[in-house]
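Participant: Below is the structure I would like to discuss, written out as structure tokens.
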Protein chains: 4
Amino acid sequence: MTVPDPLPALAAQTIELPSWAFANSGTRFKVFGQPGVPRDPYEKLADAAQVHRYTGVAPRVSLHIPWDLVDDYADLRRHAAELGVSIGAINSNVFQDDDYMLGSLCNPDPRVRRKALDHHLRCIEIMRETGSQDLKVWLADGLNYPGQDDLRARQERLAEGLAEIYAALGPEHRLILEYKFFEPAFYATDIPDWGTSLLHCLALGERAMVVLDTGHHAPGTNIEFIVAQLLRVGRLGAFDFNSRFYADDDLMVGAADPFQLFRIMNEIVAADALRPGSGVNFMLDQCHNIEPKIPAQIRSVMNVQEATAKALLVDRDALRAAQTAGDVLRANAVLMDAYNTDVRPLLAELRTGQGLDPDPVAAYARSGYGERVAAERVGGVQAGWGA
Amino acid sequence: MTVPDPLPALAAQTIELPSWAFANSGTRFKVFGQPGVPRDPYEKLADAAQVHRYTGVAPRVSLHIPWDLVDDYADLRRHAAELGVSIGAINSNVFQDDDYMLGSLCNPDPRVRRKALDHHLRCIEIMRETGSQDLKVWLADGLNYPGQDDLRARQERLAEGLAEIYAALGPEHRLILEYKFFEPAFYATDIPDWGTSLLHCLALGERAMVVLDTGHHAPGTNIEFIVAQLLRVGRLGAFDFNSRFYADDDLMVGAADPFQLFRIMNEIVAADALRPGSGVNFMLDQCHNIEPKIPAQIRSVMNVQEATAKALLVDRDALRAAQTAGDVLRANAVLMDAYNTDVRPLLAELRTGQGLDPDPVAAYARSGYGERVAAERVGGVQAGWGA
Amino acid sequence: MTVPDPLPALAAQTIELPSWAFANSGTRFKVFGQPGVPRDPYEKLADAAQVHRYTGVAPRVSLHIPWDLVDDYADLRRHAAELGVSIGAINSNVFQDDDYMLGSLCNPDPRVRRKALDHHLRCIEIMRETGSQDLKVWLADGLNYPGQDDLRARQERLAEGLAEIYAALGPEHRLILEYKFFEPAFYATDIPDWGTSLLHCLALGERAMVVLDTGHHAPGTNIEFIVAQLLRVGRLGAFDFNSRFYADDDLMVGAADPFQLFRIMNEIVAADALRPGSGVNFMLDQCHNIEPKIPAQIRSVMNVQEATAKALLVDRDALRAAQTAGDVLRANAVLMDAYNTDVRPLLAELRTGQGLDPDPVAAYARSGYGERVAAERVGGVQAGWGA
Amino acid sequence: MTVPDPLPALAAQTIELPSWAFANSGTRFKVFGQPGVPRDPYEKLADAAQVHRYTGVAPRVSLHIPWDLVDDYADLRRHAAELGVSIGAINSNVFQDDDYMLGSLCNPDPRVRRKALDHHLRCIEIMRETGSQDLKVWLADGLNYPGQDDLRARQERLAEGLAEIYAALGPEHRLILEYKFFEPAFYATDIPDWGTSLLHCLALGERAMVVLDTGHHAPGTNIEFIVAQLLRVGRLGAFDFNSRFYADDDLMVGAADPFQLFRIMNEIVAADALRPGSGVNFMLDQCHNIEPKIPAQIRSVMNVQEATAKALLVDRDALRAAQTAGDVLRANAVLMDAYNTDVRPLLAELRTGQGLDPDPVAAYARSGYGERVAAERVGGVQAGWGA
């Protein structure tokens with residue numbers, strides 16, 4: 001057995017949290033309100049800091065523009081620092097205005113394209129003000145009906161828009177480009193798959209990378225293959241972690257298919273992409289429609305840690321030997337041995353060694369934070385996903 | 001060639017419109033507002049009547065409770081009659097309150113189940129007040145996470161609730177029960193398939209029937225098989241027509257897969273279920289997120305008519321002969337011959353014969369109705385799907 | 001913690017093996033031959049007995065007619081008994097003759113339907129000769145092209161054929177009826193879903209039950225829901241266990257989605273359907289295209305045992321309490337706690353207590369059986385799946 | 001109305017036929033034999049020539065190596081010329097030996113990789129001997145179980161192998177590289193999507209192009225988007241046309257979703273890629289499991305022609321105007337107007353103008369060819385797909 005001690009790698013791992021996961025969210029049918037939900041970006045950061053406090057591995061928070069617009073980003077950055085966290089990726093979002101009904105960067109109307117571009121330029125300013133390194137671009141652009149617009153013309157508009165945005169970035173910045181199979185568009189999406197995202201990244205330059213959201217694929221897609229392929233060509237910039245049974249369900253990562261999450265982390269570990277500095281940003285992107293947000297984020301972070309721990313326990317020499325010998329059952333068994341291991345004691349040990357409670361969910365529950373903010377945060381308007 | 005004249009059957013066909021199709025709608029990301037959208041049920045009926053005016057085959061409008069709550073249903077009924085339409089199915093909807101976060105009739109909390117039941121009893125009163133014959137039940141009930149609730153216990157609660165509702169119906173009423181593969185629930189839906197809907201209908205009694213929404217199936221499902229099976233056992237109560245490429249996209253019926261719509265109508269015609277009195281209610285259920293609502297409904301009605309006309313043109317003697325002989329290519333060719341026929345001239349003839357414009361879309365556009373309501377309907381709050 | 005000792009239930013569990021899993025198998029592209037593969041039903045039983053020898057929970061073997069045709073079934077039954085196993089379900093198979101190109105019981109040609117019926121009657125004789133209790137009916141019937149045959153007429157032929165078969169069964173027999181989403185038919189399958197299978201079973205009588213093959217569903221189908229529903233109405237007759245990523249891949253059960261297998265076994269345990277006498281026959285149905293057959297079957301049996309052990313470890317009181325309280329995260333966590341437990345030590349204890357080696361795969365490998373049969377079984381024709 | 005006369009483009013269109021479509025084929029369950037099926041490549045070419053004879057647009061035949069191995073390719077080429085056809089793409093196939101159980105170019109065993117490479121080099125010789133221009137590479141390589149082999153290592157072996165093959169091509173040759181979602185591998189496929197195929201083509205050089213098989217995608221994939229994208233980057237080398245409802249069903253093209261085929265051809269026409277010399281080779285790749293082969297090929301060719309004709313009838317000025325104006329319904333209507341046109345009279349006119357019978361299926365049936373070969377081709381072994 002040649003498995004190295006997994007604790008150092010687990011201690012170095014970091015996971016980025018999305019500010020919007022702490023806001024109310026829902027489906028097109030209903031957004032359910034929950035008590036204590038933040039009313040502004042400052043409160044979102046406070047909630048995110050709770051997740052970091054109990055898990056120790058979530059020191060960054062992604063912002064969502066315009067949902068997280070504030071007057072003074074230097075102040076927000078200080079607020080984050082006081083809470084022990086920092087600002088992560090800036091998500092430019094151009095789907096929330098009536099102007100974007102037929103698209104943003106791909107819109108047939110040049111006025112709307114200009115507006116969408118300007119929004120991205122404003123996001124880059126916010127990156128400078130917050131110290132963020134990643135501009136994350138996800139576009140809701142697409143078509144609902146065949147014939148509605150010209151598929152190729154939209155690709156050209158997209159390429160043009162991305163080029164202008166990329167040119168505005170500083171040398172310390174990256175553009176990370178997300179793809180999505182469908183939704184909100186129902187016939188064609190302008191960046192529907194990793195191939196399209198990668199083609200645009202290759203055209204842009206070395207600091208353009210693909211974002212893989214685990215919920216953005218066709219049924220049956222082998223996601224770990226895409227992970228391996230993007231790592232192979234050096235263009236996996238980040239994950240948006242969540243889980244799904246059907247479409248882009250945005251459930252807690254690891255909740256729907258924990259074995260898939262393990263297989264993904266196995267490719268990461270095998271390619272030595274877990275280490276800080278590998279260029280892969282591990283982010284969550286979830287909607288806690290019916291469960292309380294903070295403990296759901298804690299649980300999600302723990303699920304990623306458990307999958308990572310199992311991936312670190314794979315006996316890679318034994319695996320390689322079985323693979324080389326063409327021993328299908330043995331190779332599969334080596335992988336499953338790691339997956340079937342109960343790593344919860346190992347992670348409890350990690351946390352105890354870091355001065356944390358071995359059970360983050362219980363520790364958070366005992367803290368009374370949830371009850372406190374539910375009592376305090378009355379008045380104002382709760383932040384809402386999609387609103 | 002032994003095909004009977006399709007015109008009488010086409011002249012007798014009726015399609016029911018959904019009041020909510022005229023309101024604003026969208027995805028969880030954004031509901032786009034459109035000018036002239038109705039602000040109350042009276043204006044929705046007025047818009048629906050426009051569709052009937054230009055197509056001649058859409059004389060009924062389904063209501064949605066609570067979205068279509070008014071003080072005086074006798075008055076609403078009169079308003080409909082003056083517009084030349086009548087009230088169709090009453091859709092009870094129990095997903096729009098925070099109380100229903102964990103379900104309605106299947107909720108683990110008996111207080112919430114009681115509230116949901118009382119809402120259904122109120123809907124039955126509205127049926128009496130409006131002359132509606134069909135109580136349409138679609139439940140958003142389901143689970144987002146494995147373990148969240150007991151799957152079997154929820155079926156028992158469902159059976160109990162439906163029994164109480166069914167008992168409250170008059171002998172002139174039907175309960176039509178819709179199933180849906182997923183959404184808004186992401187792990188399990190309490191009525192996910194036709195088998196579950198049918199089991200509950202069989203338990204309830206003869207006036208309980210299945211509703212088939214063409215967007216509520218797993219990828220690849222052969223919908224016309226389900227149509228044929230439900231017709232065979234006498235339990236196809238209604239269609240919710242729309243079309244989809246991915247999930248429950250709610251696009252215009254016939255827009256995504258016109259050949260599928262033809263195959264569905266072919267089963268209807270083959271089983272003589274097109275005729276009035278067959279017990280099948282042909283309804284639309286769509287969301288016009290980015291296109292204007294009234295012309296989109298007109299187009300949808302026309303798409304159903306075209307598919308029906310093609311189904312009526314199938315040479316059934318030739319088809320049966322080829323099927324009996326095991327002549328695969330010939331049997332398929334007989335079907336395709338009907339599908340490949342351009343039936344637009346036939347439908348133009350139908351309309352002209354009824355004193356209608358042969359081109360309903362153009363006639364509506366010329367009428368100036370859209371511009372007029374856009375100008376008139378200022379102030380107030382536009383009705384919004386999901387709001 | 002109120003979980004009862006899982007060992008008695010695990011000791012009482014039995015899993016039925018398919019004779020055809022020991023034969024060569026493959027895809028339409030290629031059947032790869034493996035050394036030592038059986039050349040007749042006697043050798044298949046010998047191999048199956050090896051699986052029982054090392055796992056202790058696989059005492060029955062399903063036969064496949066005509067692949068397992070022999071001259072003297074009393075002799076085959078004796079042979080099985082000497083090996084320590086017995087004959088399980090008899091699988092009637094009517095897809096292997098050119099006559100069945102357009103179907104068997106649903107064929108438009110009455111001569112072919114008669115031939116298919118006679119084959120089933122012969123299978124019932126074999127049940128009497130072997131002591132088998134279950135006639136398992138899976139039909140390859142379906143259509144490749146729209147229009148090819150009449151969907152409803154085929155259902156009537158099917159109902160008629162099944163009724164004649166059911167009438168020929170003895171009171172000690174059951175007819176278990178399998179459904180399948182698609183393949184080998186590509187447009188419509190005559191029993192595509194559990195609803196269709198159940199409708200026919202209800203029409204036949206109390207000893208007609210549904211067979212659920214875990215690989216026979218549309219993408220995204222919630223299989224444990226179907227398990228729960230069929231248990232609720234008392235019609236879950238048997239499982240065909242295997243696993244899949246895409247279509248009916250027939251991989252080792254638990255290999256593609258071990259969490260799904262756990263959720264299925266969780267419904268079984270929750271409904272007390274694991275106990276002998278519950279009426280549910282737990283069978284494997286797999287194709288070991290590229291891995292050695294006997295160890296693949298051993299591994300599959302172990303995978304079912306592990307999922308069962310985890311399901312037995314669910315703290316049902318805690319689960320019910322969380323469900324009743326609407327505590328989504330806690331209820332999910334109770335389920336996941338059981339799933340995340342490493343049950344391999346528990347199963348090793350079970351085996352040691354039964355005088356078995358705690359590691360069945362290693363024990364089989366050490367036995368030299370595989371090498372021995374590879375050396376001995378030269379000459380003759382290897383049995384081949386699909387041939 | 002600004003649509004140019006579609007007849008010249010239709011007259012210039014060519015479709016390539018696959019030699020294997022004339023052989024017996026089936027599923028893993030059963031290959032049904034049909035009377036008169038060819039026994040060698042010479043007879044396959046004779047049958048293919050019948051399709052060309054009655055349609056006038058199918059002048060090339062793809063060969064399949066090793067299924068179409070002959071002693072003297074110069075002789076086969078002469079035979080083709082005498083029949084009025086020529087040799088199209090050479091399909092190298094490396095899945096039919098036991099050696100390839102764990103892959104060909106991606107196999108962990110260098111001996112097997114060498115063997116697979118040598119097979120490709122032999123195929124390139126055959127290209128020289130037959131005058132073929134396209135080496136079509138589709139690999140069955142993949143994994144059935146997680147862990148079975150190293151995903152990235154396999155990509156490297158693949159890149160290496162393809163480079164050696166590409167280097168052996170002449171300047172008049174192209175390597176066209178096909179991708180496939182799944183089957184025969186069930187966990188991971190080494191070239192599963194267009195992105196992977198394109199990455200390898202980009203690495204190889206300008207004469208490496210992607211092959212798009214219409215049956216090789218995940219459920220719901222928007223195929224015309226991929227067509228548009230590959231045309232945009234100049235790498236769409238060829239189509240393998242067929243149709244499917246579920247997996248890679250290999251039904252007659254246009255049989256399952258004629259509207260999809262139209263949308264694909266619409267992208268082709270819009271990008272001016274229909275014209276000879278565009279670099280896109282329009283090939284069929286189908287399995288006629290239950291229908292007679294020659295008329296099924298005729299029908300398939302006609303289906304492609306009909307979709308092409310409809311695409312040529314799209315009023316592109318009107319479409320562009322509606323798209324630019326953001327008129328969703330109008331743009332969709334322009335497209336649908338072309339689709340809803342009955343183009344059979346137009347194609348009858350095309351054929352009559354070329355001295356052909358306007359109804360190729362009827363003309364072939366009247367010719368008696370099918371009956372003649374059924375009578376003549378007795379003795380010998382019928383060619384079988386996958387055998």
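Every chain in the structure tokens has a letter given in the order shown (A, B, ...), and although residue numbers restart at 1 in each chain, ligands are simply numbered from 1 in the order shown.
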Can you list, as a ChimeraX atom specification, every residue of range 224-366 of chain A that DSSP puts in strand (DSSP E or B)?

Facilitator: /A:236-241,243,251,281-284

Participant: Run DSSP on the backbone and give me the residues of range 26-74 of chain A it puts in alpha helix (DSSP H), as a list in words.

Facilitator: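 For range 26-74 of chain A, the alpha helix (DSSP H) set is Pro41, Tyr42, Glu43, Lys44, Leu45, Ala46, Asp47, Ala48, Ala49, Gln50, Val51, His52, Arg53, Tyr54, Thr55, Tyr73 and Ala74 of chain A.
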
Participant: Take the selection from the previous step and output its residues with N, CA, C and O atoms, as a compact mmCIF listing (two decimals), in the first residue's frame.

Facilitator:
# COMPACT_ATOMS: atom_id res chain seq x y z
N PRO A 41 -25.10 42.53 0.42
CA PRO A 41 -23.84 41.79 0.27
C PRO A 41 -23.04 41.67 1.57
O PRO A 41 -22.33 40.67 1.78
N TYR A 42 -23.15 42.66 2.44
CA TYR A 42 -22.41 42.58 3.71
C TYR A 42 -22.89 41.40 4.54
O TYR A 42 -22.10 40.65 5.12
N GLU A 43 -24.21 41.24 4.59
CA GLU A 43 -24.76 40.12 5.35
C GLU A 43 -24.47 38.77 4.68
O GLU A 43 -24.28 37.76 5.35
N LYS A 44 -24.43 38.78 3.37
CA LYS A 44 -24.05 37.53 2.67
C LYS A 44 -22.64 37.11 3.05
O LYS A 44 -22.37 35.93 3.31
N LEU A 45 -21.73 38.08 3.07
CA LEU A 45 -20.34 37.75 3.44
C LEU A 45 -20.29 37.24 4.88
O LEU A 45 -19.52 36.31 5.19
N ALA A 46 -21.09 37.84 5.76
CA ALA A 46 -21.11 37.39 7.15
C ALA A 46 -21.53 35.92 7.23
O ALA A 46 -20.93 35.12 7.98
N ASP A 47 -22.54 35.56 6.45
CA ASP A 47 -23.00 34.18 6.46
C ASP A 47 -21.94 33.24 5.88
O ASP A 47 -21.69 32.14 6.40
N ALA A 48 -21.35 33.66 4.78
CA ALA A 48 -20.30 32.84 4.17
C ALA A 48 -19.15 32.62 5.15
O ALA A 48 -18.56 31.52 5.22
N ALA A 49 -18.84 33.66 5.91
CA ALA A 49 -17.73 33.54 6.88
C ALA A 49 -18.03 32.47 7.94
O ALA A 49 -17.12 31.85 8.49
N GLN A 50 -19.31 32.27 8.22
CA GLN A 50 -19.69 31.19 9.15
C GLN A 50 -19.28 29.83 8.61
O GLN A 50 -18.84 28.94 9.34
N VAL A 51 -19.46 29.65 7.33
CA VAL A 51 -19.10 28.37 6.70
C VAL A 51 -17.60 28.15 6.83
O VAL A 51 -17.13 27.05 7.17
N HIS A 52 -16.84 29.22 6.60
CA HIS A 52 -15.39 29.11 6.74
C HIS A 52 -15.00 28.85 8.20
O HIS A 52 -14.11 28.05 8.49
N ARG A 53 -15.69 29.51 9.10
CA ARG A 53 -15.38 29.37 10.52
C ARG A 53 -15.46 27.92 10.99
O ARG A 53 -14.64 27.47 11.78
N TYR A 54 -16.44 27.18 10.49
CA TYR A 54 -16.63 25.82 10.98
C TYR A 54 -15.97 24.75 10.12
O TYR A 54 -15.83 23.62 10.55
N THR A 55 -15.62 25.10 8.89
CA THR A 55 -14.98 24.10 8.04
C THR A 55 -13.49 24.39 7.84
O THR A 55 -12.71 23.47 7.58
N TYR A 73 -16.55 49.34 -2.94
CA TYR A 73 -16.01 47.98 -2.91
C TYR A 73 -14.78 47.85 -2.03
O TYR A 73 -14.49 46.77 -1.50
N ALA A 74 -14.06 48.96 -1.86
CA ALA A 74 -12.94 48.92 -0.92
C ALA A 74 -13.46 48.60 0.48
O ALA A 74 -12.87 47.82 1.23

Participant: Per residue of chain C within 9 Å of chain A, which atom pair is closest and at what distance in Å (one decimal), using only C-alpha atoms, listed by chain and increasing number, as JSON lines?

Facilitator:
{"residue": "C:Pro219", "atom": "CA", "partner": "A:Pro219", "partner_atom": "CA", "distance": 6.7}
{"residue": "C:Gly220", "atom": "CA", "partner": "A:Tyr246", "partner_atom": "CA", "distance": 5.8}
{"residue": "C:Thr221", "atom": "CA", "partner": "A:Tyr246", "partner_atom": "CA", "distance": 8.8}
{"residue": "C:Asn222", "atom": "CA", "partner": "A:Phe245", "partner_atom": "CA", "distance": 8.7}
{"residue": "C:Phe245", "atom": "CA", "partner": "A:Gly220", "partner_atom": "CA", "distance": 6.3}
{"residue": "C:Tyr246", "atom": "CA", "partner": "A:Gly220", "partner_atom": "CA", "distance": 5.8}
{"residue": "C:Ala255", "atom": "CA", "partner": "A:Asn332", "partner_atom": "CA", "distance": 8.7}
{"residue": "C:Ala256", "atom": "CA", "partner": "A:Phe259", "partner_atom": "CA", "distance": 8.3}
{"residue": "C:Asp257", "atom": "CA", "partner": "A:Phe259", "partner_atom": "CA", "distance": 6.7}
{"residue": "C:Pro258", "atom": "CA", "partner": "A:Phe259", "partner_atom": "CA", "distance": 7.2}
{"residue": "C:Phe259", "atom": "CA", "partner": "A:Asp257", "partner_atom": "CA", "distance": 6.7}
{"residue": "C:Gln260", "atom": "CA", "partner": "A:Asp257", "partner_atom": "CA", "distance": 8.1}
{"residue": "C:Ile290", "atom": "CA", "partner": "A:Val328", "partner_atom": "CA", "distance": 7.6}
{"residue": "C:Glu291", "atom": "CA", "partner": "A:Val328", "partner_atom": "CA", "distance": 6.0}
{"residue": "C:Pro292", "atom": "CA", "partner": "A:Leu329", "partner_atom": "CA", "distance": 8.0}
{"residue": "C:Pro295", "atom": "CA", "partner": "A:Leu329", "partner_atom": "CA", "distance": 8.1}
{"residue": "C:Ala296", "atom": "CA", "partner": "A:Leu329", "partner_atom": "CA", "distance": 7.2}
{"residue": "C:Arg299", "atom": "CA", "partner": "A:Leu329", "partner_atom": "CA", "distance": 8.7}
{"residue": "C:Asp327", "atom": "CA", "partner": "A:Glu291", "partner_atom": "CA", "distance": 7.9}
{"residue": "C:Val328", "atom": "CA", "partner": "A:Glu291", "partner_atom": "CA", "distance": 6.0}
{"residue": "C:Leu329", "atom": "CA", "partner": "A:Glu291", "partner_atom": "CA", "distance": 6.4}
{"residue": "C:Asn332", "atom": "CA", "partner": "A:Ala255", "partner_atom": "CA", "distance": 8.7}
{"residue": "C:Met336", "atom": "CA", "partner": "A:Ala255", "partner_atom": "CA", "distance": 8.8}
{"residue": "C:Asn340", "atom": "CA", "partner": "A:Asp342", "partner_atom": "CA", "distance": 6.0}
{"residue": "C:Thr341", "atom": "CA", "partner": "A:Asp342", "partner_atom": "CA", "distance": 5.7}
{"residue": "C:Asp342", "atom": "CA", "partner": "A:Asp342", "partner_atom": "CA", "distance": 5.3}
{"residue": "C:Val343", "atom": "CA", "partner": "A:Asn340", "partner_atom": "CA", "distance": 8.4}
{"residue": "C:Arg344", "atom": "CA", "partner": "A:Asn340", "partner_atom": "CA", "distance": 8.3}

Participant: Limited to N, CA, C and O atoms, could you put the picked residues into a file as a short mmCIF file (atom, residue, chain, number, x, y, z; two decimals), in the first residue's frame?

Facilitator:
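File part.cif, as written:
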data_model
loop_
_atom_site.label_atom_id
_atom_site.label_comp_id
_atom_site.auth_asym_id
_atom_site.auth_seq_id
_atom_site.Cartn_x
_atom_site.Cartn_y
_atom_site.Cartn_z
N PRO C 219 -33.55 7.81 -19.19
CA PRO C 219 -32.57 8.57 -18.41
C PRO C 219 -33.25 9.38 -17.32
O PRO C 219 -34.27 10.02 -17.56
N GLY C 220 -32.68 9.33 -16.12
CA GLY C 220 -33.18 10.17 -15.04
C GLY C 220 -34.33 9.58 -14.24
O GLY C 220 -34.74 10.17 -13.24
N THR C 221 -34.85 8.44 -14.68
CA THR C 221 -35.97 7.84 -13.95
C THR C 221 -35.60 7.53 -12.50
O THR C 221 -34.54 6.97 -12.23
N ASN C 222 -36.48 7.87 -11.58
CA ASN C 222 -36.28 7.56 -10.16
C ASN C 222 -36.76 6.14 -9.92
O ASN C 222 -37.97 5.88 -9.78
N PHE C 245 -24.73 3.21 -17.34
CA PHE C 245 -24.51 4.65 -17.46
C PHE C 245 -25.40 5.26 -18.55
O PHE C 245 -25.77 6.41 -18.47
N TYR C 246 -25.72 4.49 -19.57
CA TYR C 246 -26.38 5.06 -20.74
C TYR C 246 -27.70 4.35 -21.06
O TYR C 246 -28.76 4.88 -20.82
N ALA C 255 -21.99 -0.95 -9.91
CA ALA C 255 -20.75 -0.42 -10.48
C ALA C 255 -20.92 1.01 -10.99
O ALA C 255 -20.01 1.82 -10.91
N ALA C 256 -22.09 1.33 -11.52
CA ALA C 256 -22.28 2.65 -12.13
C ALA C 256 -22.79 3.67 -11.12
O ALA C 256 -22.38 4.82 -11.15
N ASP C 257 -23.67 3.27 -10.24
CA ASP C 257 -24.26 4.21 -9.30
C ASP C 257 -24.58 3.49 -8.00
O ASP C 257 -25.73 3.11 -7.75
N PRO C 258 -23.56 3.30 -7.16
CA PRO C 258 -23.80 2.55 -5.91
C PRO C 258 -24.81 3.23 -4.99
O PRO C 258 -25.48 2.55 -4.22
N PHE C 259 -24.93 4.54 -5.09
CA PHE C 259 -25.88 5.26 -4.24
C PHE C 259 -27.31 4.93 -4.65
O PHE C 259 -28.21 4.80 -3.81
N GLN C 260 -27.54 4.78 -5.94
CA GLN C 260 -28.88 4.39 -6.41
C GLN C 260 -29.24 3.00 -5.89
O GLN C 260 -30.37 2.78 -5.45
N ILE C 290 -16.21 -7.91 -20.88
CA ILE C 290 -14.74 -7.78 -20.93
C ILE C 290 -14.07 -8.25 -19.65
O ILE C 290 -12.85 -8.22 -19.56
N GLU C 291 -14.84 -8.64 -18.65
CA GLU C 291 -14.25 -9.11 -17.40
C GLU C 291 -14.59 -10.58 -17.21
O GLU C 291 -15.59 -11.05 -17.73
N PRO C 292 -13.77 -11.32 -16.45
CA PRO C 292 -14.07 -12.74 -16.22
C PRO C 292 -15.40 -12.91 -15.48
O PRO C 292 -15.72 -12.13 -14.59
N PRO C 295 -15.75 -14.22 -11.18
CA PRO C 295 -15.46 -13.17 -10.19
C PRO C 295 -16.34 -11.94 -10.36
O PRO C 295 -16.64 -11.26 -9.37
N ALA C 296 -16.80 -11.67 -11.57
CA ALA C 296 -17.71 -10.54 -11.77
C ALA C 296 -19.05 -10.80 -11.08
O ALA C 296 -19.66 -9.89 -10.51
N ARG C 299 -18.44 -10.41 -7.34
CA ARG C 299 -18.40 -8.99 -7.00
C ARG C 299 -19.81 -8.38 -6.99
O ARG C 299 -20.15 -7.57 -6.12
N ASP C 327 -37.44 18.45 8.60
CA ASP C 327 -36.02 18.84 8.67
C ASP C 327 -35.28 18.18 7.52
O ASP C 327 -34.74 17.07 7.64
N VAL C 328 -35.24 18.88 6.40
CA VAL C 328 -34.72 18.31 5.15
C VAL C 328 -33.27 17.86 5.31
O VAL C 328 -32.90 16.74 4.93
N LEU C 329 -32.44 18.73 5.85
CA LEU C 329 -31.01 18.40 5.94
C LEU C 329 -30.77 17.25 6.92
O LEU C 329 -29.92 16.39 6.66
N ASN C 332 -31.96 13.90 5.31
CA ASN C 332 -30.98 13.48 4.32
C ASN C 332 -29.70 12.98 5.00
O ASN C 332 -29.10 11.97 4.59
N MET C 336 -27.65 9.48 4.66
CA MET C 336 -26.26 9.48 4.20
C MET C 336 -25.32 8.87 5.23
O MET C 336 -24.29 8.29 4.86
N ASN C 340 -22.67 6.25 4.08
CA ASN C 340 -21.23 6.53 4.20
C ASN C 340 -20.48 5.54 5.10
O ASN C 340 -19.25 5.61 5.19
N THR C 341 -21.22 4.67 5.74
CA THR C 341 -20.58 3.67 6.60
C THR C 341 -19.86 2.62 5.76
O THR C 341 -20.37 2.19 4.73
N ASP C 342 -18.69 2.24 6.19
CA ASP C 342 -17.95 1.17 5.52
C ASP C 342 -18.45 -0.17 6.09
O ASP C 342 -18.14 -0.54 7.22
N VAL C 343 -19.24 -0.88 5.30
CA VAL C 343 -19.87 -2.12 5.80
C VAL C 343 -19.05 -3.36 5.46
O VAL C 343 -19.50 -4.48 5.74
N ARG C 344 -17.89 -3.16 4.87
CA ARG C 344 -17.11 -4.35 4.51
C ARG C 344 -16.70 -5.18 5.73
O ARG C 344 -16.77 -6.42 5.68
#

Participant: So the first atom is CA of Ser25 in chain D and the second is CA of Val112 in chain D; what is the distance between them in Å, to one decimal place?

Facilitator: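 Value for the CA of Ser25 in chain D-CA of Val112 in chain D distance: 27.2 Å.
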
Participant: Might you pull out every residue within 6 Å of Arg60 in chain B, with only C-alpha atoms counted and same-chain residues fewer than 6 positions away left off, and present them as a PDB file with N, CA, C and O atoms, in the first residue's frame?

Facilitator:
ATOM      1  N   GLU B  16     -58.826  24.040 -26.040  1.00  0.00           N
ATOM      2  CA  GLU B  16     -59.047  24.915 -24.876  1.00  0.00           C
ATOM      3  C   GLU B  16     -57.779  25.709 -24.589  1.00  0.00           C
ATOM      4  O   GLU B  16     -56.669  25.174 -24.643  1.00  0.00           O
ATOM      5  N   VAL B  85     -66.841  32.999 -25.527  1.00  0.00           N
ATOM      6  CA  VAL B  85     -66.131  31.817 -25.030  1.00  0.00           C
ATOM      7  C   VAL B  85     -66.781  31.365 -23.714  1.00  0.00           C
ATOM      8  O   VAL B  85     -67.671  32.026 -23.184  1.00  0.00           O
ATOM      9  N   SER B  86     -66.330  30.216 -23.221  1.00  0.00           N
ATOM     10  CA  SER B  86     -66.855  29.739 -21.945  1.00  0.00           C
ATOM     11  C   SER B  86     -65.687  29.290 -21.056  1.00  0.00           C
ATOM     12  O   SER B  86     -64.550  29.202 -21.513  1.00  0.00           O
ATOM     13  N   ILE B  87     -66.002  29.027 -19.798  1.00  0.00           N
ATOM     14  CA  ILE B  87     -64.953  28.625 -18.850  1.00  0.00           C
ATOM     15  C   ILE B  87     -64.717  27.122 -18.971  1.00  0.00           C
ATOM     16  O   ILE B  87     -65.668  26.329 -18.936  1.00  0.00           O
ATOM     17  N   GLY B  88     -63.477  26.745 -19.123  1.00  0.00           N
ATOM     18  CA  GLY B  88     -63.116  25.330 -19.227  1.00  0.00           C
ATOM     19  C   GLY B  88     -62.699  24.768 -17.873  1.00  0.00           C
ATOM     20  O   GLY B  88     -63.357  24.999 -16.858  1.00  0.00           O
TER      21      GLY B  88
END
